[in-house]
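Shown below: entry-v9.csv, with CSV, C-alpha atoms and all ligand atoms.
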```csv
chain,number,residue,atom,x,y,z
A,1,MET,CA,76.7,152.0,133.6
A,2,LYS,CA,75.9,149.7,136.6
A,3,LYS,CA,73.0,147.4,135.6
A,4,LEU,CA,69.7,147.8,137.4
A,5,GLU,CA,68.6,144.6,139.2
A,6,VAL,CA,65.2,143.2,138.1
A,7,GLY,CA,62.8,140.4,139.0
A,8,ILE,CA,60.0,138.6,137.2
A,9,LEU,CA,56.6,137.8,138.8
A,10,GLY,CA,55.2,134.7,136.9
A,11,ALA,CA,58.6,133.7,135.6
A,12,THR,CA,57.6,130.2,134.7
A,13,GLY,CA,54.8,130.9,132.2
A,14,MET,CA,54.9,131.6,128.5
A,15,VAL,CA,55.5,135.3,128.9
A,16,GLY,CA,57.8,134.8,131.9
A,17,GLN,CA,60.0,132.6,129.7
A,18,ARG,CA,60.2,135.3,127.1
A,19,PHE,CA,61.3,137.7,129.8
A,20,VAL,CA,64.0,135.3,131.0
A,21,SER,CA,65.3,134.9,127.4
A,22,LEU,CA,65.2,138.6,126.6
A,23,LEU,CA,66.9,139.6,129.8
A,24,GLU,CA,69.8,137.1,129.4
A,25,ASP,CA,72.2,139.8,127.9
A,26,HIS,CA,70.3,143.0,128.5
A,27,PRO,CA,72.6,145.9,128.6
A,28,TRP,CA,70.7,147.9,131.3
A,29,PHE,CA,69.0,145.2,133.4
A,30,GLU,CA,70.2,142.2,135.4
A,31,LEU,CA,67.8,139.5,136.2
A,32,VAL,CA,68.4,138.4,139.9
A,33,TRP,CA,65.0,137.2,141.1
A,34,LEU,CA,62.2,134.9,139.9
A,35,GLY,CA,58.8,134.5,141.3
A,36,ALA,CA,55.9,132.1,140.6
A,37,SER,CA,53.1,130.1,142.4
A,38,ASP,CA,53.3,127.9,145.4
A,39,LYS,CA,53.9,124.9,143.2
A,40,SER,CA,57.1,126.4,141.9
A,41,THR,CA,58.4,128.1,145.1
A,42,GLY,CA,61.7,126.7,146.4
A,43,LYS,CA,62.5,124.8,143.2
A,44,SER,CA,65.3,125.7,140.8
A,45,TYR,CA,64.1,127.4,137.6
A,46,THR,CA,64.8,124.2,135.6
A,47,GLU,CA,62.7,122.1,138.0
A,48,ALA,CA,59.8,124.6,138.2
A,49,CYS,CA,59.6,125.6,134.5
A,50,ASN,CA,58.4,123.7,131.5
A,51,TRP,CA,60.6,125.6,129.1
A,52,ARG,CA,58.7,126.0,125.8
A,53,LEU,CA,61.0,128.3,123.7
A,54,ARG,CA,63.0,127.1,120.8
A,55,SER,CA,66.2,128.7,122.1
A,56,PRO,CA,67.6,126.9,125.2
A,57,MET,CA,67.0,128.1,128.7
A,58,PRO,CA,69.9,130.5,129.5
A,59,LYS,CA,72.5,128.7,131.6
A,60,SER,CA,72.9,131.5,134.1
A,61,PHE,CA,69.3,131.2,135.3
A,62,ARG,CA,68.9,127.4,135.4
A,63,GLU,CA,69.8,127.0,139.1
A,64,MET,CA,68.2,130.2,140.3
A,65,ILE,CA,65.6,129.5,143.0
A,66,VAL,CA,62.0,130.5,142.4
A,67,HIS,CA,60.4,132.6,145.1
A,68,GLU,CA,56.9,133.2,146.4
A,69,CYS,CA,55.4,136.4,144.8
A,70,ARG,CA,55.7,138.6,147.9
A,71,PRO,CA,57.6,141.8,148.2
A,72,GLY,CA,60.7,141.7,150.5
A,73,GLY,CA,63.8,140.3,148.9
A,74,ALA,CA,62.7,141.2,145.3
A,75,PRO,CA,64.4,144.0,143.5
A,76,GLN,CA,62.8,147.4,143.2
A,77,LEU,CA,61.9,146.8,139.5
A,78,VAL,CA,59.7,143.8,138.7
A,79,PHE,CA,58.2,142.7,135.4
A,80,SER,CA,54.9,140.9,135.9
A,81,SER,CA,53.5,138.1,133.7
A,82,LEU,CA,51.2,136.7,136.3
A,83,ASP,CA,48.0,134.9,135.6
A,84,SER,CA,45.4,137.7,135.7
A,85,LYS,CA,43.4,135.8,138.4
A,86,VAL,CA,46.2,136.7,140.9
A,87,ALA,CA,47.9,139.7,139.2
A,88,GLY,CA,45.5,142.3,140.7
A,89,GLU,CA,46.3,141.6,144.4
A,90,VAL,CA,50.0,140.7,143.9
A,91,GLU,CA,50.9,143.7,141.7
A,92,LYS,CA,49.1,146.0,144.2
A,93,GLU,CA,51.0,144.6,147.1
A,94,PHE,CA,54.3,145.2,145.3
A,95,ALA,CA,53.4,148.8,144.3
A,96,ARG,CA,52.4,149.5,147.8
A,97,ALA,CA,55.7,148.2,149.1
A,98,GLY,CA,57.5,150.7,146.8
A,99,HIS,CA,58.2,148.5,143.7
A,100,ALA,CA,57.9,149.6,140.1
A,101,VAL,CA,55.7,147.0,138.5
A,102,ILE,CA,55.7,146.7,134.7
A,103,SER,CA,52.8,144.5,134.0
A,104,ASN,CA,51.5,142.4,131.1
A,105,SER,CA,48.2,141.6,132.9
A,106,SER,CA,44.9,143.2,132.0
A,107,ASN,CA,43.9,144.0,135.6
A,108,TYR,CA,45.0,147.7,135.8
A,109,ARG,CA,45.2,148.7,132.1
A,110,MET,CA,42.0,150.7,132.1
A,111,ASP,CA,42.4,152.4,135.5
A,112,PRO,CA,42.4,156.1,134.8
A,113,ASP,CA,45.6,156.7,136.8
A,114,VAL,CA,47.6,153.8,135.3
A,115,PRO,CA,49.7,154.4,132.1
A,116,LEU,CA,48.8,151.9,129.3
A,117,LEU,CA,51.9,152.4,127.2
A,118,ILE,CA,53.4,151.8,123.8
A,119,PRO,CA,56.6,153.9,123.9
A,120,GLU,CA,56.3,154.7,120.1
A,121,VAL,CA,52.7,155.8,120.4
A,122,ASN,CA,51.9,157.5,123.7
A,123,PRO,CA,55.2,158.1,125.8
A,124,ASP,CA,53.6,161.2,127.3
A,125,HIS,CA,51.0,159.0,129.2
A,126,LEU,CA,53.8,158.0,131.6
A,127,ALA,CA,53.0,161.3,133.4
A,128,LEU,CA,50.0,159.5,134.9
A,129,ILE,CA,52.5,157.9,137.3
A,130,ARG,CA,52.5,161.1,139.4
A,131,VAL,CA,48.7,161.1,139.5
A,132,GLN,CA,48.7,157.4,140.5
A,133,ARG,CA,51.2,158.0,143.3
A,134,GLN,CA,49.2,160.9,144.7
A,135,GLN,CA,45.8,159.2,144.5
A,136,ARG,CA,46.9,155.8,145.8
A,137,ASN,CA,49.4,157.2,148.3
A,138,TRP,CA,52.1,154.6,147.4
A,139,THR,CA,55.8,155.0,146.6
A,140,GLY,CA,55.8,152.3,143.9
A,141,MET,CA,53.9,152.3,140.6
A,142,ILE,CA,52.1,150.1,138.1
A,143,VAL,CA,52.7,150.7,134.4
A,144,THR,CA,51.0,148.4,131.9
A,145,ASN,CA,51.5,147.3,128.3
A,146,PRO,CA,48.5,146.5,126.1
A,147,ASN,CA,46.7,143.3,125.2
A,148,CYS,CA,48.8,141.4,122.6
A,149,THR,CA,46.2,142.0,119.9
A,150,ALA,CA,45.8,145.7,120.6
A,151,VAL,CA,49.5,146.4,120.1
A,152,GLY,CA,49.7,145.5,116.4
A,153,LEU,CA,46.5,147.3,115.7
A,154,VAL,CA,47.5,150.5,117.5
A,155,MET,CA,51.0,150.6,116.2
A,156,SER,CA,49.7,150.4,112.6
A,157,LEU,CA,46.9,153.0,113.3
A,158,ALA,CA,49.1,155.5,115.2
A,159,PRO,CA,50.9,157.1,112.1
A,160,LEU,CA,47.5,157.2,110.3
A,161,GLU,CA,45.8,158.8,113.2
A,162,LYS,CA,48.6,161.4,113.4
A,163,ALA,CA,48.7,162.3,109.7
A,164,PHE,CA,45.0,162.0,108.7
A,165,GLY,CA,42.8,161.4,111.8
A,166,LEU,CA,40.7,158.2,112.3
A,167,GLU,CA,36.9,157.9,111.9
A,168,LYS,CA,36.2,154.1,111.9
A,169,VAL,CA,38.2,151.0,112.4
A,170,LEU,CA,37.3,147.3,111.8
A,171,MET,CA,39.7,144.6,112.9
A,172,THR,CA,39.5,140.8,112.6
A,173,SER,CA,42.2,138.8,114.3
A,174,MET,CA,43.8,135.4,113.8
A,175,GLN,CA,45.6,134.8,117.1
A,176,ALA,CA,48.3,132.3,117.9
A,177,VAL,CA,47.9,129.5,120.5
A,178,SER,CA,50.8,130.8,122.6
A,179,GLY,CA,48.6,133.8,123.4
A,180,ALA,CA,46.6,131.5,125.6
A,181,GLY,CA,49.5,130.7,127.9
A,182,TYR,CA,50.6,127.2,128.8
A,183,PRO,CA,49.2,124.5,128.4
A,184,GLY,CA,46.6,126.8,126.7
A,185,VAL,CA,44.0,125.6,124.2
A,186,PRO,CA,43.4,121.7,124.2
A,187,THR,CA,44.6,120.0,121.0
A,188,LEU,CA,41.2,118.5,120.3
A,189,ASP,CA,39.7,122.0,120.4
A,190,ILE,CA,42.1,123.7,118.0
A,191,LEU,CA,43.5,121.0,115.7
A,192,GLY,CA,42.0,121.5,112.2
A,193,ASN,CA,39.9,124.3,113.6
A,194,VAL,CA,39.3,128.0,114.1
A,195,ILE,CA,37.7,129.2,117.4
A,196,PRO,CA,35.7,132.4,116.9
A,197,TYR,CA,35.8,133.3,120.6
A,198,ILE,CA,38.5,134.5,123.0
A,199,SER,CA,37.0,135.4,126.4
A,200,GLY,CA,37.0,139.2,127.0
A,201,GLU,CA,39.4,139.9,124.1
A,202,GLU,CA,37.2,142.0,121.8
A,203,VAL,CA,36.2,144.4,124.6
A,204,LYS,CA,39.8,144.7,125.7
A,205,VAL,CA,41.1,145.5,122.2
A,206,GLU,CA,38.4,148.1,121.6
A,207,ARG,CA,38.8,149.9,124.9
A,208,GLU,CA,42.6,149.8,125.0
A,209,THR,CA,42.9,151.1,121.4
A,210,LYS,CA,40.9,154.2,122.4
A,211,LYS,CA,42.9,154.8,125.5
A,212,LEU,CA,46.3,154.3,123.8
A,213,LEU,CA,45.3,156.7,121.0
A,214,GLY,CA,43.7,159.1,123.5
A,215,LYS,CA,45.1,162.5,124.5
A,216,LEU,CA,46.5,163.2,128.0
A,217,SER,CA,45.2,166.5,129.4
A,218,ASP,CA,44.8,167.6,133.1
A,219,GLY,CA,46.0,164.3,134.4
A,220,ARG,CA,43.5,162.2,132.5
A,221,VAL,CA,43.4,160.4,129.2
A,222,LYS,CA,40.6,161.4,126.9
A,223,ALA,CA,39.8,158.4,124.8
A,224,GLY,CA,40.0,158.6,121.0
A,225,LYS,CA,36.7,159.5,119.4
A,226,PHE,CA,36.8,157.1,116.5
A,227,ALA,CA,34.7,154.0,116.3
A,228,VAL,CA,36.4,150.6,116.6
A,229,SER,CA,35.0,147.1,116.3
A,230,ALA,CA,37.1,144.0,116.9
A,231,GLN,CA,36.4,140.3,116.1
A,232,CYS,CA,38.9,137.9,117.6
A,233,ASN,CA,39.6,134.3,116.5
A,234,ARG,CA,42.1,131.6,117.8
A,235,VAL,CA,43.9,129.8,115.0
A,236,LEU,CA,46.5,127.0,114.9
A,237,VAL,CA,49.6,129.1,114.7
A,238,GLU,CA,52.4,128.9,117.3
A,239,ASP,CA,53.4,132.6,117.6
A,240,GLY,CA,52.1,135.7,115.9
A,241,HIS,CA,48.8,137.5,115.9
A,242,MET,CA,47.6,138.4,112.4
A,243,GLU,CA,45.0,141.1,111.9
A,244,THR,CA,43.0,142.2,108.9
A,245,ILE,CA,42.1,145.9,109.3
A,246,SER,CA,39.8,148.3,107.5
A,247,VAL,CA,39.9,152.1,108.2
A,248,ALA,CA,38.1,155.3,107.4
A,249,LEU,CA,40.2,158.4,107.8
A,250,SER,CA,39.2,162.0,108.6
A,251,ALA,CA,41.3,163.7,106.0
A,252,LYS,CA,41.8,162.8,102.3
A,253,ALA,CA,44.7,160.4,101.7
A,254,SER,CA,46.0,158.3,98.9
A,255,LEU,CA,47.3,154.8,99.2
A,256,GLU,CA,50.8,156.2,98.7
A,257,ASP,CA,50.3,158.6,101.6
A,258,LEU,CA,49.5,155.6,103.9
A,259,LEU,CA,52.6,153.7,102.8
A,260,GLU,CA,54.7,156.8,103.4
A,261,ALA,CA,53.3,157.4,106.9
A,262,TRP,CA,54.1,153.9,107.9
A,263,ARG,CA,57.6,153.8,106.3
A,264,LYS,CA,58.6,157.2,107.9
A,265,PHE,CA,57.2,156.3,111.3
A,266,ARG,CA,59.9,156.7,114.0
A,267,SER,CA,59.4,157.8,117.6
A,268,LEU,CA,61.1,158.4,120.9
A,269,PRO,CA,62.5,154.8,121.4
A,270,GLN,CA,64.2,155.1,118.1
A,271,GLU,CA,65.6,158.6,118.7
A,272,ARG,CA,66.9,157.5,122.1
A,273,LYS,CA,68.2,154.2,120.7
A,274,LEU,CA,66.6,152.3,123.6
A,275,PRO,CA,68.1,148.7,123.6
A,276,SER,CA,64.8,146.9,122.7
A,277,ALA,CA,63.6,149.5,120.2
A,278,PRO,CA,63.2,148.1,116.6
A,279,LYS,CA,65.1,150.4,114.1
A,280,ARG,CA,61.9,150.3,112.0
A,281,PRO,CA,58.9,150.0,114.2
A,282,ILE,CA,56.7,149.3,111.1
A,283,LEU,CA,57.9,147.3,108.2
A,284,VAL,CA,55.8,147.5,105.0
A,285,HIS,CA,55.9,144.4,102.8
A,286,ASP,CA,55.4,144.8,99.0
A,287,GLU,CA,54.8,141.1,98.2
A,288,HIS,CA,51.1,140.3,97.6
A,289,ASP,CA,51.0,137.4,100.0
A,290,ARG,CA,52.8,138.8,103.1
A,291,PRO,CA,53.0,139.2,106.1
A,292,GLN,CA,52.8,135.6,107.2
A,293,PRO,CA,53.6,134.4,110.8
A,294,LYS,CA,55.9,131.7,109.5
A,295,PHE,CA,58.2,134.1,107.7
A,296,ASP,CA,57.7,137.5,109.3
A,297,VAL,CA,56.9,137.1,113.0
A,298,ASN,CA,60.5,137.6,114.1
A,299,THR,CA,61.2,140.8,112.1
A,300,GLU,CA,63.5,143.1,114.2
A,301,GLY,CA,63.7,140.5,116.9
A,302,GLY,CA,59.9,140.2,117.1
A,303,MET,CA,59.6,143.9,118.0
A,304,ALA,CA,58.4,145.3,114.6
A,305,ILE,CA,54.8,145.3,113.3
A,306,VAL,CA,54.7,144.0,109.7
A,307,VAL,CA,52.1,145.5,107.4
A,308,GLY,CA,51.1,144.4,103.9
A,309,ARG,CA,48.3,143.9,101.4
A,310,VAL,CA,47.3,147.6,101.5
A,311,ARG,CA,44.5,148.4,99.1
A,312,PRO,CA,41.3,150.4,98.8
A,313,CYS,CA,38.3,149.2,100.8
A,314,PRO,CA,34.8,149.5,99.1
A,315,VAL,CA,33.1,149.7,102.5
A,316,LEU,CA,35.4,152.0,104.6
A,317,GLN,CA,38.4,153.5,102.8
A,318,PHE,CA,41.5,151.4,103.0
A,319,LYS,CA,42.3,147.8,104.1
A,320,TYR,CA,45.5,146.0,105.1
A,321,THR,CA,47.0,143.2,107.1
A,322,ALA,CA,49.2,143.5,110.1
A,323,LEU,CA,51.3,141.0,112.1
A,324,SER,CA,52.9,141.2,115.5
A,325,HIS,CA,54.7,138.8,117.8
A,326,ASN,CA,52.3,138.2,120.7
A,327,THR,CA,54.8,137.2,123.4
A,328,ILE,CA,57.5,139.6,122.3
A,329,ARG,CA,56.0,142.9,121.0
A,330,GLY,CA,52.7,141.9,122.6
A,331,ALA,CA,54.1,141.1,126.0
A,332,ALA,CA,57.7,140.7,127.3
A,333,GLY,CA,59.4,142.8,124.7
A,334,ALA,CA,56.8,145.5,125.1
A,335,ALA,CA,57.3,145.6,128.9
A,336,LEU,CA,61.1,145.7,128.5
A,337,LEU,CA,60.7,148.7,126.1
A,338,ASN,CA,58.4,150.4,128.7
A,339,ALA,CA,61.0,149.9,131.4
A,340,GLU,CA,63.7,151.3,129.1
A,341,LEU,CA,61.7,154.4,128.3
A,342,MET,CA,61.0,154.8,132.1
A,343,LYS,CA,64.7,154.6,132.9
A,344,SER,CA,65.5,157.1,130.2
A,345,GLU,CA,62.9,159.4,131.6
A,346,GLY,CA,64.3,159.1,135.2
A,347,TYR,CA,61.3,157.2,136.6
A,348,LEU,CA,63.5,154.4,137.9
A,349,ASP,CA,66.3,156.4,139.6
A,401,LIG,N1,50.7,134.8,126.1
A,401,LIG,C1,50.6,136.0,125.6
A,401,LIG,O1,50.8,136.1,124.3
A,401,LIG,C2,50.3,137.2,126.4
A,401,LIG,C3,50.4,138.4,125.8
A,401,LIG,C4,50.1,139.6,126.5
A,401,LIG,C5,49.7,139.5,127.8
A,401,LIG,N2,49.6,138.2,128.4
A,401,LIG,C6,49.2,138.2,129.8
A,401,LIG,O2,50.4,137.9,130.6
A,401,LIG,C7,50.0,137.1,131.7
A,401,LIG,C8,50.8,135.8,131.7
A,401,LIG,O3,50.4,135.1,130.5
A,401,LIG,P1,51.1,133.7,130.1
A,401,LIG,O4,50.6,133.4,128.7
A,401,LIG,O5,52.6,133.7,130.4
A,401,LIG,O6,50.4,132.7,131.2
A,401,LIG,P2,50.9,131.3,131.8
A,401,LIG,O7,51.8,130.6,130.8
A,401,LIG,O8,49.7,130.6,132.3
A,401,LIG,O9,51.8,131.7,133.1
A,401,LIG,C9,51.2,132.2,134.3
A,401,LIG,C10,52.3,132.5,135.3
A,401,LIG,O10,51.6,132.9,136.5
A,401,LIG,C11,52.1,132.2,137.6
A,401,LIG,N3,51.0,132.0,138.6
A,401,LIG,C12,49.8,131.4,138.5
A,401,LIG,N4,49.1,131.4,139.7
A,401,LIG,C13,49.9,132.1,140.5
A,401,LIG,C14,49.8,132.4,141.9
A,401,LIG,N5,48.7,132.1,142.6
A,401,LIG,N6,50.8,133.1,142.5
A,401,LIG,C15,51.9,133.4,141.9
A,401,LIG,N7,52.1,133.1,140.5
A,401,LIG,C16,51.1,132.4,139.9
A,401,LIG,C17,52.5,130.8,137.0
A,401,LIG,O11,53.4,130.2,137.9
A,401,LIG,P3,53.4,128.5,138.0
A,401,LIG,O12,54.1,128.0,136.8
A,401,LIG,O13,54.1,128.3,139.3
A,401,LIG,O14,52.0,128.1,138.1
A,401,LIG,C18,53.1,131.3,135.7
A,401,LIG,O15,54.4,131.7,136.0
A,401,LIG,C19,48.5,136.9,131.7
A,401,LIG,O16,47.9,137.9,132.5
A,401,LIG,C20,48.2,137.2,130.2
A,401,LIG,O17,46.9,137.6,130.0
A,401,LIG,C21,49.9,137.1,127.7
```
Structure re-expressed in structure tokens:
Amino acid sequence: MKKLEVGILGATGMVGQRFVSLLEDHPWFELVWLGASDKSTGKSYTEACNWRLRSPMPKSFREMIVHECRPGGAPQLVFSSLDSKVAGEVEKEFARAGHAVISNSSNYRMDPDVPLLIPEVNPDHLALIRVQRQQRNWTGMIVTNPNCTAVGLVMSLAPLEKAFGLEKVLMTSMQAVSGAGYPGVPTLDILGNVIPYISGEEVKVERETKKLLGKLSDGRVKAGKFAVSAQCNRVLVEDGHMETISVALSAKASLEDLLEAWRKFRSLPQERKLPSAPKRPILVHDEHDRPQPKFDVNTEGGMAIVVGRVRPCPVLQFKYTALSHNTIRGAAGAALLNAELMKSEGYLD
């Protein structure tokens, strides 16, 4: 199969670097174009990028020139990890010019005609692309992946919602510093500290969770009816968002039923063996003190959600802990899986 050429908008940032790393040996996509801000334009990727990943910058992209983020010259498929201050205008410009934009930014996630996608959870929501093209009269498209905190929550809730229905959800997050981009949170603010506020995060998690677990009907997503409350905190962890979650379910279920629902959970990406799909999307840990970011964040290449500490909750019904990699499953890896699903569905032909 001839590889599909792809580009990255915002290639120099934290998420952009993950894209570059994940695309190095991708079997379906070939990275041929990098875009970033004026300060990076015209420089080689090595000169423009302050590489922060532990694995070395792939040799094949080091001398690639960084371009201005304008359509014309960029391949048809672009991944976007732009700062949300500019993503709105730039992504729209690309979609108008006929590009498929697979975005990490929050700007379009809640638009009714834009798919907000987790391929294991709501692959049918991709059908919104047709509505989007009709309504906006453009030949391109924008498809989004969720906020990095919503993804772990929703992946862990999806099998429970399907098997038992959801009534109430409480989630408290402990979010890694890499989630704030680079250079991110100042050392003096976070060292020896926990910051109980991340601008806009709680509202995003609550709204996106309901859209992701909503039902598509007549070209619209009807948001999930359950109640969800999120409290988000920044902690001094490099990568990995940890969440403590309590749920009340609609149908009767035992603790064993929950464990079985998570362990059995497989979906379209696994059936189709999409290249970035984890074999086990949810891994349940039996040890009493796991998951932990230090040991579990890279499970299945950072694409699995790790769940543990499942027990009865005296206020709601059950409580547990979930962990996800914020720049892989919560960002670049999620967008890649979205693109793979779209390719397998014929949206990128
Ligand atoms: N970090 C995470 O865990 C995470 C997870 C999910 C979603 N996201 C979202 O993904 C996006 C990127 O996050 P990040 O953490 O990678 O941020 P970041 O490290 O600050 O990177 C931002 C990128 O945007 C580019 N950029 C900034 N201003 C620009 C402009 N005027 N024109 C063109 N490019 C411009 C930067 O290029 P220069 O280097 O040239 O300035 C850089 O490549 C954000 O919308 C964020 O909310 C992040």
Let me have all residues with an atom within 7 Å of ligand LIG 401 (chain A), counting all atoms listed in the file, laid out as a ChimeraX atom specification. /A:9-16,35-40,48-49,68-69,81-84,86-87,104-106,147-148,178-182,326-327,330-331
Best match for closeness to Ala248 in chain A among A:Pro123, A:Pro146, A:Pro312, A:Pro183, counting all atoms listed in the file: A:Pro312
CA of Leu117 in chain A and CA of Val151 in chain A are how many Å apart?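 About the pair CA of Leu117 in chain A and CA of Val151 in chain A: they are 9.6 Å apart.
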Between A:Val131, A:Ala335, A:Arg109, A:Asn50, single out the one closest to Ser80 in chain A, counting all atoms listed in the file.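 Under the stated criterion, the closest residue is A:Ala335.
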Measuring between only C-alpha atoms, which one of A:Gly224, A:Arg52, A:Gly140, A:Leu191 shows the shortest distance to Asp239 in chain A?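 Of A:Gly224, A:Arg52, A:Gly140, A:Leu191, the one nearest Asp239 in chain A, counting only C-alpha atoms, is A:Arg52.
Between CA of Ala322 in chain A and CA of Val203 in chain A the interatomic distance comes to 19.5 Å.
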Please compute the CA of Leu31 in chain A-CA of Asp349 in chain A distance, one decimal, in Å. 17.3 Å
